[in-house]
file run_20.pdb (PDB, C-alpha atoms and all ligand atoms)
ATOM      1  CA  MET A 962     -20.023  68.421  90.754  1.00  0.00           C
ATOM      2  CA  PHE A 963     -16.941  69.866  92.436  1.00  0.00           C
ATOM      3  CA  TYR A 964     -13.682  68.453  93.792  1.00  0.00           C
ATOM      4  CA  TYR A 965     -14.046  67.421  97.410  1.00  0.00           C
ATOM      5  CA  TYR A 966     -12.061  65.352  99.869  1.00  0.00           C
ATOM      6  CA  GLY A 967     -13.771  61.954 100.231  1.00  0.00           C
ATOM      7  CA  ARG A 968     -15.972  62.317  97.192  1.00  0.00           C
ATOM      8  CA  LYS A 969     -17.137  59.122  95.511  1.00  0.00           C
ATOM      9  CA  LYS A 970     -16.946  60.222  91.880  1.00  0.00           C
ATOM     10  CA  GLN A 971     -14.312  57.664  90.821  1.00  0.00           C
ATOM     11  CA  ILE A 972     -16.094  54.709  92.436  1.00  0.00           C
ATOM     12  CA  ALA A 973     -19.733  55.787  91.979  1.00  0.00           C
ATOM     13  CA  LYS A 974     -20.107  53.132  89.274  1.00  0.00           C
ATOM     14  CA  HIS A 975     -19.506  50.366  91.843  1.00  0.00           C
ATOM     15  CA  TYR A 976     -22.550  51.245  93.953  1.00  0.00           C
ATOM     16  CA  PRO A 977     -25.975  49.691  93.323  1.00  0.00           C
ATOM     17  CA  LEU A 978     -28.409  51.647  91.165  1.00  0.00           C
ATOM     18  CA  PRO A 979     -31.158  53.498  93.021  1.00  0.00           C
ATOM     19  CA  LEU A 980     -34.414  51.517  93.269  1.00  0.00           C
ATOM     20  CA  TYR A 981     -36.609  54.402  94.430  1.00  0.00           C
ATOM     21  CA  ASP A 982     -37.777  57.681  92.881  1.00  0.00           C
ATOM     22  CA  VAL A 983     -36.122  59.685  95.637  1.00  0.00           C
ATOM     23  CA  ILE A 984     -32.439  59.609  96.601  1.00  0.00           C
ATOM     24  CA  VAL A 985     -31.498  61.028  99.994  1.00  0.00           C
ATOM     25  CA  GLU A 986     -27.848  61.823 100.772  1.00  0.00           C
ATOM     26  CA  PRO A 987     -27.751  62.644 104.503  1.00  0.00           C
ATOM     27  CA  PHE A 988     -23.986  63.358 104.300  1.00  0.00           C
ATOM     28  CA  ALA A 989     -23.963  65.278 101.037  1.00  0.00           C
ATOM     29  CA  GLY A 990     -20.407  66.545 100.458  1.00  0.00           C
ATOM     30  CA  ALA A 991     -20.146  66.863  96.674  1.00  0.00           C
ATOM     31  CA  ALA A 992     -23.012  64.330  96.181  1.00  0.00           C
ATOM     32  CA  SER A 993     -21.206  62.216  93.590  1.00  0.00           C
ATOM     33  CA  TYR A 994     -23.692  59.313  93.782  1.00  0.00           C
ATOM     34  CA  SER A 995     -26.691  61.499  93.001  1.00  0.00           C
ATOM     35  CA  LEU A 996     -24.807  62.989  90.048  1.00  0.00           C
ATOM     36  CA  HIS A 997     -23.666  59.642  88.683  1.00  0.00           C
ATOM     37  CA  GLY A 998     -25.205  58.490  85.401  1.00  0.00           C
ATOM     38  CA  ASP A 999     -28.914  59.241  85.304  1.00  0.00           C
ATOM     39  CA  ASN A1000     -29.354  59.272  89.097  1.00  0.00           C
ATOM     40  CA  TRP A1001     -29.669  63.074  89.051  1.00  0.00           C
ATOM     41  CA  ARG A1002     -33.018  62.796  87.242  1.00  0.00           C
ATOM     42  CA  LYS A1003     -34.606  61.426  90.425  1.00  0.00           C
ATOM     43  CA  GLU A1004     -35.824  63.595  93.238  1.00  0.00           C
ATOM     44  CA  VAL A1005     -32.679  64.269  95.252  1.00  0.00           C
ATOM     45  CA  VAL A1006     -32.531  65.499  98.847  1.00  0.00           C
ATOM     46  CA  LEU A1007     -29.158  66.591 100.229  1.00  0.00           C
ATOM     47  CA  ILE A1008     -28.409  67.120 103.907  1.00  0.00           C
ATOM     48  CA  GLU A1009     -25.120  68.788 104.820  1.00  0.00           C
ATOM     49  CA  LYS A1010     -24.035  70.054 108.224  1.00  0.00           C
ATOM     50  CA  ASP A1011     -21.071  72.176 107.080  1.00  0.00           C
ATOM     51  CA  LYS A1012     -22.659  75.531 106.262  1.00  0.00           C
ATOM     52  CA  ARG A1013     -19.822  76.424 103.883  1.00  0.00           C
ATOM     53  CA  VAL A1014     -20.445  73.270 101.812  1.00  0.00           C
ATOM     54  CA  ALA A1015     -24.212  73.800 101.981  1.00  0.00           C
ATOM     55  CA  ASP A1016     -23.714  77.373 100.707  1.00  0.00           C
ATOM     56  CA  ILE A1017     -22.010  76.004  97.582  1.00  0.00           C
ATOM     57  CA  TRP A1018     -25.025  73.778  96.937  1.00  0.00           C
ATOM     58  CA  GLN A1019     -27.472  76.590  97.642  1.00  0.00           C
ATOM     59  CA  TRP A1020     -25.676  78.702  95.048  1.00  0.00           C
ATOM     60  CA  LEU A1021     -25.575  75.874  92.470  1.00  0.00           C
ATOM     61  CA  ILE A1022     -29.221  74.903  92.965  1.00  0.00           C
ATOM     62  CA  THR A1023     -30.786  78.355  93.035  1.00  0.00           C
ATOM     63  CA  GLU A1024     -28.497  81.067  91.673  1.00  0.00           C
ATOM     64  CA  ALA A1025     -25.525  80.159  89.525  1.00  0.00           C
ATOM     65  CA  THR A1026     -25.720  80.290  85.735  1.00  0.00           C
ATOM     66  CA  PRO A1027     -23.359  78.511  83.304  1.00  0.00           C
ATOM     67  CA  ALA A1028     -22.173  81.878  81.981  1.00  0.00           C
ATOM     68  CA  ALA A1029     -21.464  83.206  85.473  1.00  0.00           C
ATOM     69  CA  ILE A1030     -19.499  80.066  86.386  1.00  0.00           C
ATOM     70  CA  LEU A1031     -17.416  80.139  83.209  1.00  0.00           C
ATOM     71  CA  ALA A1032     -16.709  83.833  83.832  1.00  0.00           C
ATOM     72  CA  LEU A1033     -15.184  83.111  87.262  1.00  0.00           C
ATOM     73  CA  PRO A1034     -11.448  83.891  87.151  1.00  0.00           C
ATOM     74  CA  ASN A1035      -8.991  81.069  86.657  1.00  0.00           C
ATOM     75  CA  LEU A1036      -6.487  80.356  89.408  1.00  0.00           C
ATOM     76  CA  HIS A1037      -2.750  80.610  88.848  1.00  0.00           C
ATOM     77  CA  VAL A1038       0.014  78.730  90.648  1.00  0.00           C
ATOM     78  CA  GLY A1039       1.454  80.760  93.508  1.00  0.00           C
ATOM     79  CA  GLU A1040      -1.612  83.006  94.000  1.00  0.00           C
ATOM     80  CA  LYS A1041      -3.505  82.935  97.293  1.00  0.00           C
ATOM     81  CA  SER A1042      -7.236  82.510  97.759  1.00  0.00           C
ATOM     82  CA  SER A1043      -9.566  82.633 100.750  1.00  0.00           C
ATOM     83  CA  GLU A1044     -12.633  81.437  98.802  1.00  0.00           C
ATOM     84  CA  PHE A1045     -13.963  78.201 100.308  1.00  0.00           C
ATOM     85  CA  LEU A1046     -15.051  77.036  96.835  1.00  0.00           C
ATOM     86  CA  HIS A1047     -11.400  77.278  95.752  1.00  0.00           C
ATOM     87  CA  ILE A1048     -10.106  75.705  98.945  1.00  0.00           C
ATOM     88  CA  VAL A1049     -12.214  72.517  98.576  1.00  0.00           C
ATOM     89  CA  HIS A1050     -10.674  72.028  95.140  1.00  0.00           C
ATOM     90  CA  ALA A1051      -7.378  71.162  96.795  1.00  0.00           C
ATOM     91  CA  ALA A1052      -9.320  67.945  97.680  1.00  0.00           C
ATOM     92  CA  THR A1053      -7.053  67.132 100.606  1.00  0.00           C
ATOM     93  CA  LYS A1054      -8.175  66.577 104.160  1.00  0.00           C
ATOM     94  CA  MET A1055      -6.166  69.497 105.475  1.00  0.00           C
ATOM     95  CA  ALA A1056      -7.767  71.956 103.079  1.00  0.00           C
ATOM     96  CA  PHE A1057     -10.828  72.335 105.322  1.00  0.00           C
ATOM     97  CA  LYS A1058      -8.651  73.876 108.012  1.00  0.00           C
ATOM     98  CA  TYR A1059      -7.202  76.592 105.802  1.00  0.00           C
ATOM     99  CA  LYS A1060      -8.597  80.120 105.768  1.00  0.00           C
ATOM    100  CA  THR A1061      -6.289  80.958 102.873  1.00  0.00           C
ATOM    101  CA  ILE A1062      -4.685  78.584 100.408  1.00  0.00           C
ATOM    102  CA  LYS A1063      -1.744  78.935  98.056  1.00  0.00           C
ATOM    103  CA  VAL A1064      -2.630  77.722  94.568  1.00  0.00           C
ATOM    104  CA  THR A1065      -0.727  74.600  93.554  1.00  0.00           C
ATOM    105  CA  PRO A1066      -0.597  73.095  90.046  1.00  0.00           C
ATOM    106  CA  VAL A1067      -3.179  70.514  91.200  1.00  0.00           C
ATOM    107  CA  LEU A1068      -5.545  73.180  92.497  1.00  0.00           C
ATOM    108  CA  GLU A1069      -5.153  75.280  89.350  1.00  0.00           C
ATOM    109  CA  ARG A1070      -6.040  72.269  87.204  1.00  0.00           C
ATOM    110  CA  ASN A1071      -8.883  71.019  89.425  1.00  0.00           C
ATOM    111  CA  TRP A1072     -10.529  74.445  89.418  1.00  0.00           C
ATOM    112  CA  GLU A1073     -10.293  74.770  85.655  1.00  0.00           C
ATOM    113  CA  ILE A1074     -11.887  71.329  85.149  1.00  0.00           C
ATOM    114  CA  SER A1075     -14.512  71.975  87.797  1.00  0.00           C
ATOM    115  CA  LYS A1076     -15.670  75.246  86.274  1.00  0.00           C
ATOM    116  CA  ARG A1077     -16.487  73.412  83.058  1.00  0.00           C
ATOM    117  CA  VAL A1078     -18.159  70.522  84.913  1.00  0.00           C
ATOM    118  CA  MET A1079     -20.245  72.818  87.118  1.00  0.00           C
ATOM    119  CA  ALA A1080     -21.350  74.947  84.165  1.00  0.00           C
ATOM    120  CA  SER A1081     -22.398  71.945  82.074  1.00  0.00           C
ATOM    121  CA  SER A1082     -24.054  70.069  84.968  1.00  0.00           C
ATOM    122  CA  LEU A1083     -26.060  72.871  86.516  1.00  0.00           C
ATOM    123  CA  HIS A1084     -29.308  71.757  84.861  1.00  0.00           C
ATOM    124  CA  LYS A1085     -28.986  68.419  86.703  1.00  0.00           C
ATOM    125  CA  VAL A1086     -29.345  69.917  90.160  1.00  0.00           C
ATOM    126  CA  ARG A1087     -31.955  72.642  89.686  1.00  0.00           C
ATOM    127  CA  HIS A1088     -34.759  70.433  91.007  1.00  0.00           C
ATOM    128  CA  TRP A1089     -32.742  69.135  93.997  1.00  0.00           C
ATOM    129  CA  GLU A1090     -33.580  70.003  97.597  1.00  0.00           C
ATOM    130  CA  LEU A1091     -31.007  71.055 100.182  1.00  0.00           C
ATOM    131  CA  ILE A1092     -31.349  70.815 103.957  1.00  0.00           C
ATOM    132  CA  VAL A1093     -28.645  72.421 106.085  1.00  0.00           C
ATOM    133  CA  GLY A1094     -28.046  70.584 109.341  1.00  0.00           C
ATOM    134  CA  ASP A1095     -27.483  67.237 110.998  1.00  0.00           C
ATOM    135  CA  TYR A1096     -28.236  63.976 109.113  1.00  0.00           C
ATOM    136  CA  SER A1097     -30.900  63.150 111.671  1.00  0.00           C
ATOM    137  CA  ILE A1098     -33.204  65.936 110.408  1.00  0.00           C
ATOM    138  CA  ALA A1099     -33.624  64.199 107.031  1.00  0.00           C
ATOM    139  CA  PRO A1100     -37.265  63.601 106.071  1.00  0.00           C
ATOM    140  CA  ASP A1101     -38.513  60.189 107.212  1.00  0.00           C
ATOM    141  CA  ILE A1102     -39.451  58.885 103.756  1.00  0.00           C
ATOM    142  CA  GLU A1103     -39.168  55.646 101.791  1.00  0.00           C
ATOM    143  CA  ALA A1104     -36.259  56.264  99.452  1.00  0.00           C
ATOM    144  CA  THR A1105     -32.822  55.220  98.291  1.00  0.00           C
ATOM    145  CA  TRP A1106     -30.536  56.329 101.124  1.00  0.00           C
ATOM    146  CA  PHE A1107     -26.930  56.896 100.099  1.00  0.00           C
ATOM    147  CA  VAL A1108     -25.148  57.210 103.426  1.00  0.00           C
ATOM    148  CA  ASP A1109     -21.506  58.343 103.224  1.00  0.00           C
ATOM    149  CA  PRO A1110     -20.477  59.742 106.618  1.00  0.00           C
ATOM    150  CA  PRO A1111     -16.974  60.668 107.721  1.00  0.00           C
ATOM    151  CA  TYR A1112     -15.366  57.263 108.187  1.00  0.00           C
ATOM    152  CA  LYS A1113     -15.039  55.719 111.625  1.00  0.00           C
ATOM    153  CA  ASP A1114     -11.627  55.925 113.297  1.00  0.00           C
ATOM    154  CA  ALA A1115     -10.344  58.466 110.796  1.00  0.00           C
ATOM    155  CA  PRO A1116      -8.966  61.070 113.165  1.00  0.00           C
ATOM    156  CA  GLY A1117      -7.995  64.308 111.524  1.00  0.00           C
ATOM    157  CA  ASP A1118     -10.229  63.640 108.534  1.00  0.00           C
ATOM    158  CA  GLY A1119     -10.346  67.392 108.178  1.00  0.00           C
ATOM    159  CA  TYR A1120     -14.098  67.930 107.854  1.00  0.00           C
ATOM    160  CA  ALA A1121     -15.576  70.765 109.917  1.00  0.00           C
ATOM    161  CA  HIS A1122     -17.867  68.031 111.292  1.00  0.00           C
ATOM    162  CA  GLY A1123     -15.751  64.896 111.239  1.00  0.00           C
ATOM    163  CA  SER A1124     -15.652  61.371 112.634  1.00  0.00           C
ATOM    164  CA  ASN A1125     -14.783  62.645 116.132  1.00  0.00           C
ATOM    165  CA  GLU A1126     -18.275  64.172 116.376  1.00  0.00           C
ATOM    166  CA  LEU A1127     -20.245  61.136 115.250  1.00  0.00           C
ATOM    167  CA  ASP A1128     -21.814  58.572 117.586  1.00  0.00           C
ATOM    168  CA  TYR A1129     -21.571  55.500 115.332  1.00  0.00           C
ATOM    169  CA  PRO A1130     -23.859  53.162 117.344  1.00  0.00           C
ATOM    170  CA  ARG A1131     -26.528  55.891 117.185  1.00  0.00           C
ATOM    171  CA  LEU A1132     -25.847  56.413 113.476  1.00  0.00           C
ATOM    172  CA  SER A1133     -26.236  52.690 112.750  1.00  0.00           C
ATOM    173  CA  GLN A1134     -29.570  52.565 114.596  1.00  0.00           C
ATOM    174  CA  TRP A1135     -30.776  55.574 112.651  1.00  0.00           C
ATOM    175  CA  ILE A1136     -29.643  54.054 109.340  1.00  0.00           C
ATOM    176  CA  LEU A1137     -31.388  50.728 110.001  1.00  0.00           C
ATOM    177  CA  ALA A1138     -34.621  52.548 110.844  1.00  0.00           C
ATOM    178  CA  ARG A1139     -34.754  54.193 107.356  1.00  0.00           C
ATOM    179  CA  ARG A1140     -37.405  52.863 105.005  1.00  0.00           C
ATOM    180  CA  GLY A1141     -36.317  51.726 101.541  1.00  0.00           C
ATOM    181  CA  GLN A1142     -32.911  50.980 100.048  1.00  0.00           C
ATOM    182  CA  LEU A1143     -29.726  51.504 102.054  1.00  0.00           C
ATOM    183  CA  ILE A1144     -26.377  52.068 100.360  1.00  0.00           C
ATOM    184  CA  CYS A1145     -23.851  52.746 103.113  1.00  0.00           C
ATOM    185  CA  CYS A1146     -20.182  53.557 102.642  1.00  0.00           C
ATOM    186  CA  GLU A1147     -17.312  52.999 105.047  1.00  0.00           C
ATOM    187  CA  GLY A1148     -13.568  52.496 105.172  1.00  0.00           C
ATOM    188  CA  GLN A1149     -11.531  49.685 106.671  1.00  0.00           C
ATOM    189  CA  ASN A1150     -12.603  50.467 110.265  1.00  0.00           C
ATOM    190  CA  GLY A1151     -16.319  50.478 109.524  1.00  0.00           C
ATOM    191  CA  ASP A1152     -17.839  47.833 111.817  1.00  0.00           C
ATOM    192  CA  TYR A1153     -21.208  49.187 112.940  1.00  0.00           C
ATOM    193  CA  LEU A1154     -23.102  47.551 110.040  1.00  0.00           C
ATOM    194  CA  PRO A1155     -22.356  44.284 108.178  1.00  0.00           C
ATOM    195  CA  PHE A1156     -20.121  46.023 105.649  1.00  0.00           C
ATOM    196  CA  LEU A1157     -18.456  44.017 102.865  1.00  0.00           C
ATOM    197  CA  PRO A1158     -15.372  45.017 100.862  1.00  0.00           C
ATOM    198  CA  LEU A1159     -16.362  46.865  97.697  1.00  0.00           C
ATOM    199  CA  VAL A1160     -13.139  47.991  96.076  1.00  0.00           C
ATOM    200  CA  THR A1161      -9.477  48.582  96.962  1.00  0.00           C
ATOM    201  CA  LEU A1162      -7.965  51.899  95.974  1.00  0.00           C
ATOM    202  CA  PRO A1163      -4.436  53.285  95.962  1.00  0.00           C
ATOM    203  CA  GLY A1164      -4.176  55.463  99.084  1.00  0.00           C
ATOM    204  CA  VAL A1165      -1.535  57.770 100.453  1.00  0.00           C
ATOM    205  CA  ALA A1166       2.154  56.793 100.693  1.00  0.00           C
ATOM    206  CA  GLY A1167       1.722  53.662  98.558  1.00  0.00           C
ATOM    207  CA  LYS A1168      -0.804  52.134 100.965  1.00  0.00           C
ATOM    208  CA  LEU A1169      -4.035  50.581  99.746  1.00  0.00           C
ATOM    209  CA  SER A1170      -7.347  51.793 101.099  1.00  0.00           C
ATOM    210  CA  ILE A1171     -10.403  49.592 101.314  1.00  0.00           C
ATOM    211  CA  GLU A1172     -13.858  50.922 100.531  1.00  0.00           C
ATOM    212  CA  LYS A1173     -16.655  48.955 102.139  1.00  0.00           C
ATOM    213  CA  LEU A1174     -20.365  48.789 101.352  1.00  0.00           C
ATOM    214  CA  TYR A1175     -23.468  47.743 103.218  1.00  0.00           C
ATOM    215  CA  HIS A1176     -26.404  47.299 100.850  1.00  0.00           C
ATOM    216  CA  ARG A1177     -29.946  46.545 101.944  1.00  0.00           C
ATOM    217  CA  PRO A1178     -31.938  46.531  98.705  1.00  0.00           C
ATOM    218  CA  THR A1179     -35.319  47.050 100.359  1.00  0.00           C
ATOM    219  CA  ARG A1180     -36.618  46.684 103.855  1.00  0.00           C
ATOM    220  CA  HIS A1181     -39.248  44.315 102.433  1.00  0.00           C
ATOM    221  CA  ALA A1182     -36.530  41.984 101.069  1.00  0.00           C
ATOM    222  CA  LEU A1183     -34.824  41.971 104.448  1.00  0.00           C
ATOM    223  CA  GLN A1184     -38.034  40.937 106.189  1.00  0.00           C
ATOM    224  CA  LEU A1185     -38.584  38.087 103.695  1.00  0.00           C
ATOM    225  CA  ASP A1186     -35.010  36.891 104.364  1.00  0.00           C
ATOM    226  CA  LEU A1187     -35.751  36.744 108.063  1.00  0.00           C
ATOM    227  CA  PHE A1188     -38.686  34.381 107.482  1.00  0.00           C
ATOM    228  CA  ASP A1189     -36.886  32.067 105.017  1.00  0.00           C
TER     229      ASP A1189
HETATM  230  C1  LIG A1201     -17.433  61.557 103.089  1.00  0.00           C
HETATM  231  S1  LIG A1201     -18.127  63.149 102.874  1.00  0.00           S
HETATM  232  C2  LIG A1201     -19.394  62.822 101.687  1.00  0.00           C
HETATM  233  C3  LIG A1201     -18.817  62.717 100.307  1.00  0.00           C
HETATM  234  C4  LIG A1201     -19.867  62.585  99.213  1.00  0.00           C
HETATM  235  N1  LIG A1201     -20.507  61.278  99.232  1.00  0.00           N
HETATM  236  C5  LIG A1201     -19.278  62.869  97.854  1.00  0.00           C
HETATM  237  O1  LIG A1201     -19.298  62.003  96.983  1.00  0.00           O
HETATM  238  O2  LIG A1201     -18.753  63.965  97.687  1.00  0.00           O
HETATM  239  C6  LIG A1201     -19.047  63.369 104.375  1.00  0.00           C
HETATM  240  C7  LIG A1201     -19.805  64.693 104.459  1.00  0.00           C
HETATM  241  O3  LIG A1201     -20.656  64.643 105.622  1.00  0.00           O
HETATM  242  C8  LIG A1201     -20.703  65.934 106.197  1.00  0.00           C
HETATM  243  N2  LIG A1201     -21.127  65.742 107.610  1.00  0.00           N
HETATM  244  C9  LIG A1201     -20.364  65.415 108.686  1.00  0.00           C
HETATM  245  N3  LIG A1201     -21.114  65.235 109.794  1.00  0.00           N
HETATM  246  C10 LIG A1201     -22.402  65.445 109.408  1.00  0.00           C
HETATM  247  C11 LIG A1201     -23.644  65.353 110.080  1.00  0.00           C
HETATM  248  N4  LIG A1201     -23.718  65.056 111.388  1.00  0.00           N
HETATM  249  N5  LIG A1201     -24.779  65.585 109.387  1.00  0.00           N
HETATM  250  C12 LIG A1201     -24.718  65.910 108.061  1.00  0.00           C
HETATM  251  N6  LIG A1201     -23.563  66.019 107.348  1.00  0.00           N
HETATM  252  C13 LIG A1201     -22.414  65.766 108.018  1.00  0.00           C
HETATM  253  C14 LIG A1201     -19.296  66.473 106.012  1.00  0.00           C
HETATM  254  O4  LIG A1201     -19.274  67.895 106.102  1.00  0.00           O
HETATM  255  C15 LIG A1201     -18.959  65.953 104.616  1.00  0.00           C
HETATM  256  O5  LIG A1201     -19.329  66.888 103.644  1.00  0.00           O
END

call {"tool": "encode", "arguments": {"input": "run_20.pdb", "output": "structure tokens"}}
result
Amino acid sequence: MFYYYGRKKQIAKHYPLPLYDVIVEPFAGAASYSLHGDNWRKEVVLIEKDKRVADIWQWLITEATPAAILALPNLHVGEKSSEFLHIVHAATKMAFKYKTIKVTPVLERNWEISKRVMASSLHKVRHWELIVGDYSIAPDIEATWFVDPPYKDAPGDGYAHGSNELDYPRLSQWILARRGQLICCEGQNGDYLPFLPLVTLPGVAGKLSIEKLYHRPTRHALQLDLFD
């Protein structure tokens, strides 16, 4: 829906399709999985701990209109902005730390694209539910759980609530106790679930970055496996 550091828009097609009528994203960010393809038509529940990110969703879900979005001023290279919605469009990990940002050519372009995308996608999110707070307050329901936390051992990931705040053993226990389908994302240091490599992407400074996935199609299937 909007540019965001760590968003899964480019690789959303690699994740399994949702098997349940409800998708829960307990680490919402820009919620690329729920927006991918026809996924948005499901019931979608977003949980986001960063109030500034949650405020963007609150605005998109309840208030914004396509006309109002398209009427927002364009950004121009060299200008400064203190709007968090502009700042996230820099889509770099450091952007979260800035109170004011200087508009770069990338930011100018991202914002222009995003205005059009937000305006034309608004109808997709009007029925979505937003919960502001920690992942652990998500409703305990049978659903497709798309779990994309800040990645383990990614110091300085930039998020207001980043990997340094997460207790990964506790997170893995919580994840495994969810009912339904689990689609869990991690990077190369993800080791708290049986993650498998999903796709390799070009990273910073010519390095490759590995995206990993843990998929448990249904809890029922897992139990049958155990008795095979
Ligand atoms: C990797 S990003 C999610 C990206 C998202 N899947 C997308 O496609 O845009 C992780 C998100 O989790 C949020 N977050 C961090 N700790 C959290 C917590 N304890 N509970 C809920 N959200 C949290 C961060 O603010 C960030 O927006």

call {"tool": "residues_around", "arguments": {"input": "run_20.pdb", "residues": "stretch 964-966 of chain A", "least_positions_apart": "2", "cutoff": "9 Å", "atoms": "only C-alpha atoms", "output": "list in words"}}
result
Met962, Arg968, Gly990, Ala991, Val1049, His1050, Ala1051, Ala1052, Thr1053, Lys1054, Ala1056, Phe1057, Asn1071, Trp1072, Ser1075, Gly1119 and Tyr1120 of chain A

call {"tool": "residues_near_ligand", "arguments": {"input": "run_20.pdb", "ligand": "ligand LIG 1201 (chain A)", "cutoff": "9 Å", "atoms": "only C-alpha atoms and all ligand atoms", "output": "PyMOL selection string"}}
result
chain A and resi 962-970+973+986-996+1008-1015+1093-1098+1107-1112+1120-1124+1126-1127+1146-1147

call {"tool": "resolve_selection", "arguments": {"input": "run_20.pdb", "expression": "the PyMOL selection byres (((chain A and resi 1031-1038) around 6) and not hetatm)", "output": "short mmCIF file (atom, residue, chain, number, x, y, z; two decimals) with C-alpha atoms, in the coordinates of the input"}}
result
data_model
loop_
_atom_site.label_atom_id
_atom_site.label_comp_id
_atom_site.auth_asym_id
_atom_site.auth_seq_id
_atom_site.Cartn_x
_atom_site.Cartn_y
_atom_site.Cartn_z
CA ALA A 1028 -22.17 81.88 81.98
CA ALA A 1029 -21.46 83.21 85.47
CA ILE A 1030 -19.50 80.07 86.39
CA GLY A 1039 1.45 80.76 93.51
CA GLU A 1040 -1.61 83.01 94.00
CA VAL A 1064 -2.63 77.72 94.57
CA THR A 1065 -0.73 74.60 93.55
CA PRO A 1066 -0.60 73.10 90.05
CA GLU A 1069 -5.15 75.28 89.35
#

call {"tool": "closest_residue", "arguments": {"input": "run_20.pdb", "among": "A:Leu1083, A:Asn1000, A:Leu1137, A:Pro1100", "to": "A:Glu1024", "atoms": "only C-alpha atoms"}}
result
A:Leu1083

call {"tool": "resolve_selection", "arguments": {"input": "run_20.pdb", "expression": "the PyMOL selection byres (((chain A and resi 1086) around 12) and not hetatm)", "output": "MDAnalysis selection string"}}
result
chainID A and resid 962 991:993 995:997 999:1007 1018:1026 1079:1085 1087:1091

call {"tool": "write_last_selection", "arguments": {"input": "run_20.pdb", "atoms": "C-alpha atoms", "output": "PDB file, in the coordinates of the input"}}
result
ATOM      1  CA  MET A 962     -20.023  68.421  90.754  1.00  0.00           C
ATOM      2  CA  ALA A 991     -20.146  66.863  96.674  1.00  0.00           C
ATOM      3  CA  ALA A 992     -23.012  64.330  96.181  1.00  0.00           C
ATOM      4  CA  SER A 993     -21.206  62.216  93.590  1.00  0.00           C
ATOM      5  CA  SER A 995     -26.691  61.499  93.001  1.00  0.00           C
ATOM      6  CA  LEU A 996     -24.807  62.989  90.048  1.00  0.00           C
ATOM      7  CA  HIS A 997     -23.666  59.642  88.683  1.00  0.00           C
ATOM      8  CA  ASP A 999     -28.914  59.241  85.304  1.00  0.00           C
ATOM      9  CA  ASN A1000     -29.354  59.272  89.097  1.00  0.00           C
ATOM     10  CA  TRP A1001     -29.669  63.074  89.051  1.00  0.00           C
ATOM     11  CA  ARG A1002     -33.018  62.796  87.242  1.00  0.00           C
ATOM     12  CA  LYS A1003     -34.606  61.426  90.425  1.00  0.00           C
ATOM     13  CA  GLU A1004     -35.824  63.595  93.238  1.00  0.00           C
ATOM     14  CA  VAL A1005     -32.679  64.269  95.252  1.00  0.00           C
ATOM     15  CA  VAL A1006     -32.531  65.499  98.847  1.00  0.00           C
ATOM     16  CA  LEU A1007     -29.158  66.591 100.229  1.00  0.00           C
ATOM     17  CA  TRP A1018     -25.025  73.778  96.937  1.00  0.00           C
ATOM     18  CA  GLN A1019     -27.472  76.590  97.642  1.00  0.00           C
ATOM     19  CA  TRP A1020     -25.676  78.702  95.048  1.00  0.00           C
ATOM     20  CA  LEU A1021     -25.575  75.874  92.470  1.00  0.00           C
ATOM     21  CA  ILE A1022     -29.221  74.903  92.965  1.00  0.00           C
ATOM     22  CA  THR A1023     -30.786  78.355  93.035  1.00  0.00           C
ATOM     23  CA  GLU A1024     -28.497  81.067  91.673  1.00  0.00           C
ATOM     24  CA  ALA A1025     -25.525  80.159  89.525  1.00  0.00           C
ATOM     25  CA  THR A1026     -25.720  80.290  85.735  1.00  0.00           C
ATOM     26  CA  MET A1079     -20.245  72.818  87.118  1.00  0.00           C
ATOM     27  CA  ALA A1080     -21.350  74.947  84.165  1.00  0.00           C
ATOM     28  CA  SER A1081     -22.398  71.945  82.074  1.00  0.00           C
ATOM     29  CA  SER A1082     -24.054  70.069  84.968  1.00  0.00           C
ATOM     30  CA  LEU A1083     -26.060  72.871  86.516  1.00  0.00           C
ATOM     31  CA  HIS A1084     -29.308  71.757  84.861  1.00  0.00           C
ATOM     32  CA  LYS A1085     -28.986  68.419  86.703  1.00  0.00           C
ATOM     33  CA  ARG A1087     -31.955  72.642  89.686  1.00  0.00           C
ATOM     34  CA  HIS A1088     -34.759  70.433  91.007  1.00  0.00           C
ATOM     35  CA  TRP A1089     -32.742  69.135  93.997  1.00  0.00           C
ATOM     36  CA  GLU A1090     -33.580  70.003  97.597  1.00  0.00           C
ATOM     37  CA  LEU A1091     -31.007  71.055 100.182  1.00  0.00           C
TER      38      LEU A1091
END

call {"tool": "residues_around", "arguments": {"input": "run_20.pdb", "residues": "A:Pro1158", "least_positions_apart": "2", "cutoff": "10 Å", "atoms": "only C-alpha atoms", "output": "MDAnalysis selection string"}}
result
chainID A and resid 1146:1149 1156 1160:1161 1171:1175

call {"tool": "atom_distance", "arguments": {"input": "run_20.pdb", "atom1": "atom CA of A:Tyr1059", "atom2": "atom CA of A:Asp1016"}}
result
17.3 Å

call {"tool": "atom_distance", "arguments": {"input": "run_20.pdb", "atom1": "atom CA of A:Lys974", "atom2": "atom CA of A:Gln1134"}}
result
27.0 Å

call {"tool": "atom_distance", "arguments": {"input": "run_20.pdb", "atom1": "atom CA of A:Ala1104", "atom2": "atom CA of A:Leu980"}}
result
8.0 Å

call {"tool": "resolve_selection", "arguments": {"input": "run_20.pdb", "expression": "the PyMOL selection byres (((chain A and resi 1102) around 10) and not hetatm)", "output": "PyMOL selection string"}}
result
chain A and resi 983+985+1099-1101+1103-1106+1139-1141

call {"tool": "write_last_selection", "arguments": {"input": "run_20.pdb", "atoms": "C-alpha atoms", "output": "compact mmCIF listing (two decimals), in the frame of the given file"}}
result
# COMPACT_ATOMS: atom_id res chain seq x y z
CA VAL A 983 -36.12 59.68 95.64
CA VAL A 985 -31.50 61.03 99.99
CA ALA A 1099 -33.62 64.20 107.03
CA PRO A 1100 -37.26 63.60 106.07
CA ASP A 1101 -38.51 60.19 107.21
CA GLU A 1103 -39.17 55.65 101.79
CA ALA A 1104 -36.26 56.26 99.45
CA THR A 1105 -32.82 55.22 98.29
CA TRP A 1106 -30.54 56.33 101.12
CA ARG A 1139 -34.75 54.19 107.36
CA ARG A 1140 -37.40 52.86 105.00
CA GLY A 1141 -36.32 51.73 101.54
